[in-house]
Structures are given as structure tokens and as C-alpha cells.
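The structure file protein.txt is reproduced below (compact mmCIF, C-alpha atoms).
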# COMPACT_ATOMS: atom_id res chain seq x y z
CA MET A 821 32.22 11.17 8.63
CA LYS A 822 30.76 11.24 12.12
CA ASP A 823 31.10 14.61 13.92
CA ASP A 824 32.13 16.44 10.71
CA LYS A 825 30.78 19.95 10.29
CA VAL A 826 27.47 20.09 8.44
CA TYR A 827 25.23 22.94 7.28
CA ILE A 828 21.46 23.36 7.58
CA THR A 829 20.25 25.83 4.95
CA LEU A 830 16.67 27.04 5.16
CA GLN A 831 14.52 28.06 2.24
CA ASN A 832 14.56 31.66 3.53
CA GLY A 833 18.37 31.73 3.30
CA LYS A 834 19.11 31.34 7.01
CA GLN A 835 21.94 28.89 7.71
CA PHE A 836 22.97 26.92 10.80
CA GLU A 837 26.10 24.92 11.49
CA GLY A 838 26.09 21.60 13.27
CA ARG A 839 27.86 18.25 13.59
CA ARG A 840 27.03 15.00 11.88
CA PHE A 841 25.81 11.82 13.48
CA GLY A 842 23.88 8.90 12.08
CA ALA A 843 24.32 8.31 8.33
CA ASP A 844 26.47 10.31 5.95
CA GLY A 845 24.99 12.17 3.00
CA ASP A 846 23.12 15.30 2.00
CA VAL A 847 19.34 15.62 2.04
CA VAL A 848 16.51 18.04 1.25
CA GLY A 849 13.17 17.92 3.06
CA GLU A 850 10.39 19.85 4.74
CA LEU A 851 11.60 21.25 8.07
CA VAL A 852 9.24 20.68 11.03
CA PHE A 853 9.60 20.51 14.81
CA ALA A 854 8.30 18.05 17.41
CA THR A 855 7.83 19.02 21.05
CA GLY A 856 7.90 15.65 22.85
CA MET A 857 10.28 15.23 25.80
CA MET A 858 10.36 11.48 25.12
CA GLY A 859 9.05 9.05 22.51
CA TYR A 860 11.77 9.82 19.96
CA VAL A 861 11.84 6.20 18.72
CA GLU A 862 8.13 6.46 18.01
CA THR A 863 8.70 9.77 16.25
CA LEU A 864 11.47 8.40 14.04
CA THR A 865 9.36 5.41 12.98
CA ASP A 866 6.04 7.22 12.49
CA PRO A 867 5.28 7.04 8.72
CA SER A 868 3.54 10.42 8.95
CA TYR A 869 7.00 12.06 9.03
CA PHE A 870 7.85 10.82 5.52
CA GLY A 871 9.71 13.52 3.57
CA GLN A 872 10.33 15.70 6.62
CA ILE A 873 13.41 16.88 8.48
CA VAL A 874 12.42 16.67 12.15
CA THR A 875 13.82 19.02 14.77
CA GLN A 876 13.35 17.98 18.40
CA THR A 877 12.67 20.92 20.69
CA PHE A 878 13.72 18.99 23.82
CA PRO A 879 17.47 19.66 24.21
CA LEU A 880 18.71 16.12 24.96
CA ILE A 881 17.76 13.16 22.77
CA GLY A 882 18.90 9.56 23.15
CA ASN A 883 19.27 9.25 26.92
CA TYR A 884 17.46 5.89 26.95
CA GLY A 885 18.92 4.80 23.62
CA LYS A 886 17.03 2.91 20.95
CA THR A 887 14.29 0.86 22.62
CA PRO A 888 11.87 -1.66 20.99
CA ASP A 889 9.11 0.94 20.60
CA GLU A 890 8.95 1.24 16.81
CA GLU A 891 5.69 2.30 15.16
CA SER A 892 6.72 0.72 11.83
CA GLU A 893 9.49 -1.39 10.36
CA LYS A 894 11.98 1.48 9.99
CA PRO A 895 12.52 5.24 10.45
CA TRP A 896 10.73 7.41 7.87
CA VAL A 897 12.14 10.87 8.65
CA SER A 898 14.36 12.38 5.95
CA ALA A 899 16.76 13.68 8.61
CA TYR A 900 16.90 14.32 12.35
CA ILE A 901 18.12 17.46 14.16
CA VAL A 902 18.84 17.65 17.90
CA ARG A 903 20.56 20.04 20.28
CA GLU A 904 22.50 17.34 22.09
CA LYS A 905 22.67 13.58 21.52
CA CYS A 906 23.41 11.06 24.25
CA ASP A 907 26.14 8.55 23.45
CA ASN A 908 25.92 6.72 26.79
CA PRO A 909 22.25 5.82 27.27
CA SER A 910 21.00 4.17 30.45
CA ASN A 911 17.89 2.00 30.28
CA PHE A 912 17.26 -1.71 30.77
CA ARG A 913 15.44 -1.84 27.41
CA CYS A 914 18.20 -0.08 25.48
CA GLU A 915 19.39 -1.95 22.39
CA LYS A 916 21.85 0.58 20.95
CA THR A 917 22.55 4.32 20.79
CA ILE A 918 20.43 6.67 18.72
CA ASP A 919 23.55 7.36 16.62
CA GLU A 920 23.94 3.67 15.80
CA TYR A 921 20.24 3.30 15.01
CA LEU A 922 20.21 6.21 12.56
CA ARG A 923 23.41 5.07 10.91
CA GLU A 924 22.10 1.52 10.42
CA ASN A 925 18.93 2.86 8.81
CA GLY A 926 20.54 5.48 6.56
CA VAL A 927 19.09 8.52 8.33
CA VAL A 928 21.18 11.70 8.42
CA GLY A 929 21.45 13.28 11.87
CA VAL A 930 22.71 16.69 12.98
CA TYR A 931 23.53 17.75 16.55
CA ASP A 932 25.11 20.76 18.26
CA VAL A 933 22.48 23.00 16.68
CA ASP A 934 20.55 25.85 18.28
CA THR A 935 17.22 24.03 18.00
CA ARG A 936 15.43 26.73 19.98
CA GLU A 937 16.29 29.35 17.34
CA LEU A 938 15.45 26.91 14.55
CA THR A 939 12.04 26.25 16.10
CA LYS A 940 11.34 29.95 16.57
CA ILE A 941 11.98 30.56 12.87
CA VAL A 942 9.52 27.82 11.87
CA ARG A 943 6.91 29.11 14.33
CA GLU A 944 7.20 32.66 13.07
CA SER A 945 7.69 32.03 9.35
CA GLY A 946 5.93 28.68 8.97
CA VAL A 947 7.07 25.28 7.79
CA MET A 948 9.68 25.57 5.03
CA ASN A 949 12.07 23.43 3.05
CA ALA A 950 15.68 22.94 4.14
CA ALA A 951 18.85 21.19 3.06
CA ILE A 952 21.44 19.40 5.13
CA SER A 953 24.78 19.41 3.33
CA SER A 954 28.53 19.16 3.77
CA SER A 955 28.89 22.29 1.67
CA PRO A 956 27.84 25.73 2.92
CA ARG A 957 26.53 26.42 -0.60
CA PRO A 958 23.85 23.83 -1.39
CA ASP A 959 21.60 23.85 -4.46
CA THR A 960 19.07 26.56 -3.52
CA GLU A 961 16.81 25.74 -6.47
CA LYS A 962 16.50 22.17 -5.24
CA ILE A 963 15.53 23.46 -1.80
CA SER A 964 12.84 25.83 -3.06
CA SER A 965 11.32 23.34 -5.50
CA TYR A 966 11.10 20.42 -3.07
CA ARG A 967 7.63 18.98 -2.46
CA ILE A 968 6.61 15.79 -0.70
CA LYS A 969 5.18 13.48 -3.38
CA GLY A 970 3.94 9.91 -3.42
CA ALA A 971 4.00 9.82 0.37
CA VAL A 972 1.11 7.45 1.05
CA GLU A 973 2.19 5.06 -1.69
CA ALA A 974 5.72 4.97 -0.25
CA VAL A 975 4.68 4.03 3.31
CA SER A 976 1.67 1.77 2.73
CA CYS A 977 1.81 -2.01 2.91
CA ARG A 978 1.85 -3.90 -0.39
CA GLU A 979 -0.45 -6.80 0.48
CA VAL A 980 -3.16 -7.66 2.99
CA LYS A 981 -1.79 -8.44 6.47
CA ARG A 982 -3.84 -10.04 9.23
CA TYR A 983 -3.50 -9.68 13.00
CA GLY A 984 -5.31 -10.91 16.08
CA ASP A 985 -7.94 -13.49 16.89
CA GLU A 986 -9.33 -15.20 13.78
CA ASN A 987 -12.75 -15.23 15.45
CA GLY A 988 -12.63 -11.59 16.56
CA LEU A 989 -14.49 -8.57 15.23
CA ARG A 990 -13.41 -8.08 11.62
CA VAL A 991 -11.90 -4.62 11.15
CA VAL A 992 -10.25 -3.41 7.96
CA VAL A 993 -7.41 -0.95 8.57
CA MET A 994 -6.82 1.20 5.50
CA ASP A 995 -3.05 1.62 5.57
CA CYS A 996 -2.04 5.07 4.41
CA GLY A 997 0.88 4.94 6.85
CA ALA A 998 -0.71 3.37 9.91
CA LYS A 999 1.17 3.36 13.21
CA ASP A 1000 1.49 -0.14 14.59
CA ASN A 1001 -0.08 0.82 17.89
CA ILE A 1002 -3.40 1.42 16.15
CA ILE A 1003 -3.31 -2.27 15.22
CA ARG A 1004 -2.25 -3.23 18.74
CA GLU A 1005 -5.10 -1.26 20.33
CA LEU A 1006 -7.66 -2.97 18.10
CA VAL A 1007 -6.17 -6.45 18.63
CA ALA A 1008 -6.16 -5.88 22.40
CA ARG A 1009 -9.92 -5.32 22.15
CA GLY A 1010 -10.50 -8.64 20.42
CA CYS A 1011 -10.41 -7.54 16.79
CA ARG A 1012 -9.27 -9.48 13.76
CA CYS A 1013 -7.45 -6.70 11.88
CA MET A 1014 -7.02 -6.86 8.13
CA ARG A 1015 -4.49 -4.24 7.08
CA VAL A 1016 -4.97 -3.39 3.40
CA PRO A 1017 -2.91 -1.24 0.99
CA TYR A 1018 -3.94 2.36 0.48
CA ASN A 1019 -5.27 1.64 -3.04
CA TYR A 1020 -7.40 -1.36 -2.11
CA SER A 1021 -10.76 -0.76 -3.78
CA ALA A 1022 -14.02 -0.31 -1.90
CA GLU A 1023 -15.32 -3.47 -3.56
CA ASP A 1024 -12.30 -5.51 -2.45
CA ILE A 1025 -12.63 -4.16 1.09
CA LEU A 1026 -16.29 -5.16 1.28
CA ALA A 1027 -15.36 -8.61 -0.09
CA LEU A 1028 -13.38 -9.15 3.14
CA ASN A 1029 -16.73 -8.95 4.96
CA PRO A 1030 -15.56 -6.43 7.56
CA GLN A 1031 -17.62 -5.25 10.51
CA GLY A 1032 -15.76 -1.98 10.87
CA LEU A 1033 -13.36 0.29 8.98
CA MET A 1034 -10.35 2.05 10.52
CA LEU A 1035 -8.93 4.95 8.50
CA ALA A 1036 -5.43 5.30 9.87
CA ASN A 1037 -2.83 8.08 9.90
CA GLY A 1038 -0.29 8.82 7.18
CA PRO A 1039 1.90 11.50 5.57
CA GLY A 1040 1.55 14.20 2.96
CA ASP A 1041 -1.21 16.42 1.59
CA PRO A 1042 -4.58 14.67 2.03
CA GLU A 1043 -5.91 16.15 -1.22
CA ASP A 1044 -3.28 14.21 -3.19
CA ASN A 1045 -5.13 10.96 -2.47
CA LYS A 1046 -8.01 11.14 -4.98
CA GLU A 1047 -8.37 7.37 -5.36
CA VAL A 1048 -8.46 6.78 -1.62
CA ILE A 1049 -11.03 9.55 -1.10
CA GLU A 1050 -13.30 8.04 -3.75
CA ASN A 1051 -13.09 4.59 -2.15
CA ILE A 1052 -13.94 6.06 1.25
CA ARG A 1053 -16.93 7.82 -0.28
CA LYS A 1054 -18.20 4.47 -1.58
CA LEU A 1055 -17.75 2.85 1.85
CA ALA A 1056 -19.33 5.60 3.95
CA GLY A 1057 -22.58 4.40 5.50
CA LYS A 1058 -21.97 0.74 4.74
CA LEU A 1059 -20.11 -0.06 7.99
CA PRO A 1060 -18.95 1.73 11.15
CA VAL A 1061 -15.95 4.01 10.55
CA PHE A 1062 -13.27 5.40 12.87
CA GLY A 1063 -10.72 7.80 11.36
CA ILE A 1064 -7.46 9.02 12.90
CA CYS A 1065 -5.25 11.92 11.69
CA LEU A 1066 -4.92 11.57 7.89
CA GLY A 1067 -7.93 9.23 8.05
CA HIS A 1068 -9.90 12.07 9.65
CA GLN A 1069 -8.90 14.43 6.84
CA LEU A 1070 -9.61 11.92 4.07
CA PHE A 1071 -13.07 11.17 5.44
CA ALA A 1072 -13.89 14.89 5.61
CA LEU A 1073 -12.80 15.27 1.99
CA ALA A 1074 -14.93 12.27 1.03
CA MET A 1075 -17.88 14.00 2.70
CA GLY A 1076 -17.39 17.15 0.63
CA GLY A 1077 -15.21 19.06 3.08
CA SER A 1078 -11.93 20.90 2.54
CA THR A 1079 -8.47 20.89 4.08
CA LYS A 1080 -5.61 23.37 4.19
CA LYS A 1081 -1.97 23.42 5.17
CA MET A 1082 -1.23 24.83 8.61
CA LYS A 1083 1.48 27.37 9.36
CA TYR A 1084 3.59 24.92 11.34
CA GLY A 1085 1.22 22.13 12.35
CA HIS A 1086 0.88 20.20 15.59
CA ARG A 1087 3.64 17.69 16.40
CA GLY A 1088 4.15 16.52 19.95
CA VAL A 1089 2.55 14.82 22.93
CA ASN A 1090 1.10 17.85 24.70
CA GLN A 1091 -1.72 19.23 22.51
CA PRO A 1092 -4.95 20.09 24.42
CA VAL A 1093 -8.22 19.15 22.71
CA LYS A 1094 -11.67 20.13 23.91
CA ASN A 1095 -14.76 17.96 23.64
CA LEU A 1096 -17.48 20.39 22.57
CA SER A 1097 -20.34 18.32 23.99
CA THR A 1098 -18.87 17.94 27.50
CA GLY A 1099 -16.41 20.83 27.76
CA ARG A 1100 -13.72 18.45 28.97
CA VAL A 1101 -10.13 19.02 27.79
CA TYR A 1102 -7.77 16.11 27.04
CA ILE A 1103 -4.04 16.18 26.44
CA SER A 1104 -3.26 14.45 23.15
CA SER A 1105 -0.47 13.22 20.93
CA GLN A 1106 -0.47 14.76 17.45
CA ASN A 1107 1.50 14.79 14.23
CA HIS A 1108 -0.04 16.68 11.33
CA GLY A 1109 0.60 19.66 9.09
CA TYR A 1110 -2.89 19.92 7.53
CA GLU A 1111 -6.27 20.64 9.07
CA VAL A 1112 -9.91 20.14 8.14
CA ILE A 1113 -11.69 23.45 7.64
CA SER A 1114 -14.44 23.12 10.24
CA ASP A 1115 -17.29 24.85 8.44
CA SER A 1116 -16.61 23.06 5.14
CA VAL A 1117 -18.07 19.75 6.35
CA LYS A 1118 -21.84 20.11 6.05
CA SER A 1119 -22.77 16.48 6.73
CA GLY A 1120 -20.98 16.16 10.06
CA LYS A 1121 -20.94 17.72 13.51
CA LEU A 1122 -17.77 19.28 14.92
CA SER A 1123 -16.90 17.32 18.06
CA TYR A 1124 -13.41 18.42 19.18
CA VAL A 1125 -11.34 21.58 18.77
CA ASN A 1126 -7.76 22.41 19.67
CA ALA A 1127 -7.77 24.41 22.89
CA ASN A 1128 -4.75 26.45 21.77
CA ASP A 1129 -5.76 27.63 18.31
CA GLY A 1130 -9.37 26.50 17.82
CA THR A 1131 -8.60 24.28 14.82
CA CYS A 1132 -10.72 21.23 14.02
CA GLU A 1133 -9.84 18.12 16.04
CA GLY A 1134 -12.80 15.85 15.39
CA PHE A 1135 -16.10 15.24 13.62
CA GLU A 1136 -19.06 12.98 14.21
CA TYR A 1137 -21.29 11.69 11.42
CA PRO A 1138 -24.21 10.10 13.36
CA ASP A 1139 -26.30 9.36 10.27
CA ILE A 1140 -23.66 6.99 8.88
CA ASN A 1141 -22.12 5.61 12.09
CA ALA A 1142 -18.75 7.31 11.63
CA TYR A 1143 -16.50 9.52 13.72
CA THR A 1144 -13.00 10.86 13.19
CA VAL A 1145 -10.34 12.66 15.22
CA GLN A 1146 -7.26 14.62 14.22
CA PHE A 1147 -5.26 13.57 17.30
CA HIS A 1148 -3.81 10.12 18.09
CA PRO A 1149 -5.82 8.18 20.71
CA GLU A 1150 -3.39 5.23 20.43
CA ALA A 1151 -0.75 7.70 21.64
CA CYS A 1152 2.59 5.92 21.56
CA GLY A 1153 4.50 7.35 23.36
CA GLY A 1154 1.68 8.95 25.29
CA PRO A 1155 -0.48 10.38 26.71
CA ARG A 1156 -3.32 7.82 27.03
CA ASP A 1157 -6.15 10.24 27.80
CA THR A 1158 -8.27 9.45 24.74
CA SER A 1159 -7.82 5.69 24.31
CA PHE A 1160 -11.52 5.34 25.18
CA LEU A 1161 -12.24 6.24 21.54
CA PHE A 1162 -11.21 2.70 20.58
CA ASP A 1163 -13.78 1.35 23.06
CA LYS A 1164 -16.39 3.56 21.42
CA PHE A 1165 -15.53 2.08 18.03
CA ILE A 1166 -15.91 -1.48 19.35
CA LYS A 1167 -19.24 -0.56 20.96
CA ASN A 1168 -20.51 0.89 17.69
CA ILE A 1169 -19.56 -2.29 15.84
CA ARG A 1170 -21.14 -4.63 18.43
CA GLU A 1171 -24.37 -2.68 18.77
CA GLY A 1172 -24.64 -1.67 15.13
CA LYS A 1173 -25.72 1.75 16.26
CA TYR A 1174 -25.82 4.69 13.90
CA ASN A 1175 -25.23 7.21 16.65
CA ALA A 1176 -21.45 7.55 16.53

For this file, write the structure as C-alpha cells.
Amino acid sequence: MKDDKVYITLQNGKQFEGRRFGADGDVVGELVFATGMMGYVETLTDPSYFGQIVTQTFPLIGNYGKTPDEESEKPWVSAYIVREKCDNPSNFRCEKTIDEYLRENGVVGVYDVDTRELTKIVRESGVMNAAISSSPRPDTEKISSYRIKGAVEAVSCREVKRYGDENGLRVVVMDCGAKDNIIRELVARGCRCMRVPYNYSAEDILALNPQGLMLANGPGDPEDNKEVIENIRKLAGKLPVFGICLGHQLFALAMGGSTKKMKYGHRGVNQPVKNLSTGRVYISSQNHGYEVISDSVKSGKLSYVNANDGTCEGFEYPDINAYTVQFHPEACGGPRDTSFLFDKFIKNIREGKYNA
């Protein structure tokens, strides 16, 4: 029932009490935190959060209600934790409360939780599994054994979908959990987007006669996607490529690189990234728990690094007209600092240059 007491039990044994909102039920997932002050509708509907219990660090969530800003057809988070929820939102675009939205979509929510302490634990100890339960004594074995599996398969489209001008530049979007705004950004630049399932073969992709390939974002461990990586390897060098987030990681793996899980990842709209060729720093939107190991990619040139921790944020592959970034240049809900990367992709397609 709404507002009933609920327990958050971490894998390390720490337990928090809170109150229910959204859907009823118990759930186990990977506990992460997101630092955005706004954009919670985009966070809830970002497929990259599949299998994860998301904690918002900003103390008040829901003040503008549920607005029509979805990044996919439904929320993908396993559960949602906030300090305080707003039951009386005020915004001309508001459709319903965040409580109503979660309840309608079967997502468990918890409020009245010390999210600052919860975030500090994750920052100090690293991402860990957690359970949300009505009982203070959940199944600890189930918590410790949990692993996100089949993530890309779960969030990918099942058939080819087409968007935009039929006479536009033909771009295939490999859907491993693509945010809708990636499609919107390409369509706004005159592209005819063909969104294909994650397991669409390289041969079938080339049969669509594309002029460019977008490797979009998605959830889970990039190394789990052997079939996708092999298809990317077959496509590399045959058409211009732009990779974002998971797409960036998958392309690096296809090029012989390596990835690893981060301590607590980057999730929010305030991550600084530095362009190594110009020295300029941009503020970016990010959502990832894995990183490309910079010196493992021998065929590419490191282009961006995170200004906070020095981790890899981008690679260029000039010999095969490809470039990839770890951050989100489509950036819903913000910032828009790096949207020029879409213009670069269009330029590479139009000019056919191999100097990405």
C-alpha cells in the first residue's frame, strides 16, 4: 500500500527505512545514483538504467510532475529512490504526478530516505546490489547473486523502424537501448533513420544501403554483447560511424580494446569532459557504469577525457571515418554543449571524408 514502511537492504548489510510510493512489490537490483537536479522523466525512461535501482541525489523530485519528455516507451528502472516526492506539481506541461506515473508503469518507488547517506555509501564502497522489501529480512542470497543479464535484448526494438524524410541521408541506428532523442537529433538534420534490432546482422544492415551508422546507448556490461561486437567489426570502415555511450564501448571492443566496470560510474547532467586537441572543457550528460580502458585501443586516438577522474570519454578512428564518445551529446534533459557532434557526423557522411 502507498506510504507503507519499506526497507532498503544493501549488499553490505546496511539497511534504510523509507515509505512506499508508485507500485507495490519487492525488487532486487543494482543500486546507483544520479545527480541531475531535473530531467527525472528522461532518467526513468532511459533504457540504460535497465536492472538498476536509481537514487536521485537532488532532494525533491516530482515538482513539475510527469511531462511528455520520455526517452522510450516506458520506464526501465527497477526501482526509484528519492528523499522527498512532490504530490502537488506545478507546470503547464504536467500530465500527472510522479507517484501516479510510477504506479501505472509498475515501478516501485521509495521516499523519505536519507539519499545523501545512501549516495555516500555507494561513492565510498562502489556500486552494489540492493533489495527493496516490505520485510526487514529479505533474501540476502538473492541480493548477493543478482546480476544484470540480457539487458540489451530486453530493451532493443524487435523490428526495423523508420523515421524522418524518405529522401534524407540514410542512417542506420543500431538499437541496443537507444534514447529517442538520438533519433530526433538525426531527423532534425535531415536524416532518414532506420532503427534496427541489436542482433541485426552486418549483412542485413548493409542491405539497407545506409550512408552512416549510429551506435546508440544501452544498458549492461558491454562485453556481454559478443554478436553485436562481431557485427560492428564487420561494418567498421565500410561507412561513417558515430558511437554514443554503450556504442562507444562496443566499437572500442570491436577494435580490440578493453572495458572495465567503474567504482560507481557517471550518472547525471554535470560531468565535465575535456577535448584533448583544443583543451576546451564541456559540461555533459552521462549515464554509464563501464569505461573503455584508454591505452587498450591501439587503432584509435583518445579525443576526450573526463576532467574529474581522467577516464576515457571519446576516441577518433580517422583511418575508418569513425568517432565515438562516452557522454550523451543529444543530452535530454541537458546540457546541449556537445550537440555539434551530430553536425560533425552529417558532415562526414556528406563529404565522405575519412578524417573523423

Would you mind reading off the distance between CA of Ser1123 (chain A) and CA of Ala1022 (chain A), one decimal, in Å?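 Between CA of Ser1123 (chain A) and CA of Ala1022 (chain A) the gap works out to 26.8 Å.
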
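Separating CA of Glu937 (chain A) from CA of Gln1106 (chain A) is a distance of 22.2 Å.
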
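Between Glu862 (chain A) and the candidates A:Lys999, A:Ile828, A:Arg913, A:Asn908, the tightest atom-to-atom separation, counting only C-alpha atoms, involves A:Lys999.
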
Non-local contacts of Asp846 (chain A) (7 Å; all atoms listed in the file; under 4 positions in same chain excluded) as a ChimeraX atom specification: /A:952-954

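Comparing the minimum interatomic distances between Val947 (chain A) and each of A:Asp932, A:Glu850, A:Glu1136, A:Asp1163, counting only C-alpha atoms, we find that A:Glu850 sits nearest.
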
CA of Gln1069 (chain A) to CA of Ile1113 (chain A): how many Å, to one decimal? 9.5 Å

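Once region 974-988 of chain A and its same-chain neighbours fewer than 4 positions away are set aside, Asp995, Cys996, Gly997, Val1007, Gly1010, Cys1011, Arg1012, Cys1013, Met1014, Arg1015, Val1016 and Pro1017 of chain A remain within 6 Å of it when counting all atoms listed in the file.
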
From the list A:Phe870, A:Phe853, A:Tyr1102, A:Tyr931, which residue is nearest Phe841 (chain A) when using all atoms listed in the file?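 Selected residue with least distance to Phe841 (chain A): A:Tyr931.
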
Using only C-alpha atoms for the distances, tell me which of A:Leu880, A:Ala1056, A:Ala1027, A:Ile1064 is nearest to Pro1138 (chain A). A:Ala1056

If we draw a sphere of 7 Å around (13.8, 18.9, 0.8), which residues have at least one atom in it when counting only C-alpha atoms? Please report them as a PyMOL selection string. chain A and resi 847-850+949-951+963+966-967

Taking all atoms listed in the file into account, which of A:Ala899, A:Ile1103, A:Val1112, A:Cys1065 comes nearest Thr1079 (chain A)? A:Val1112
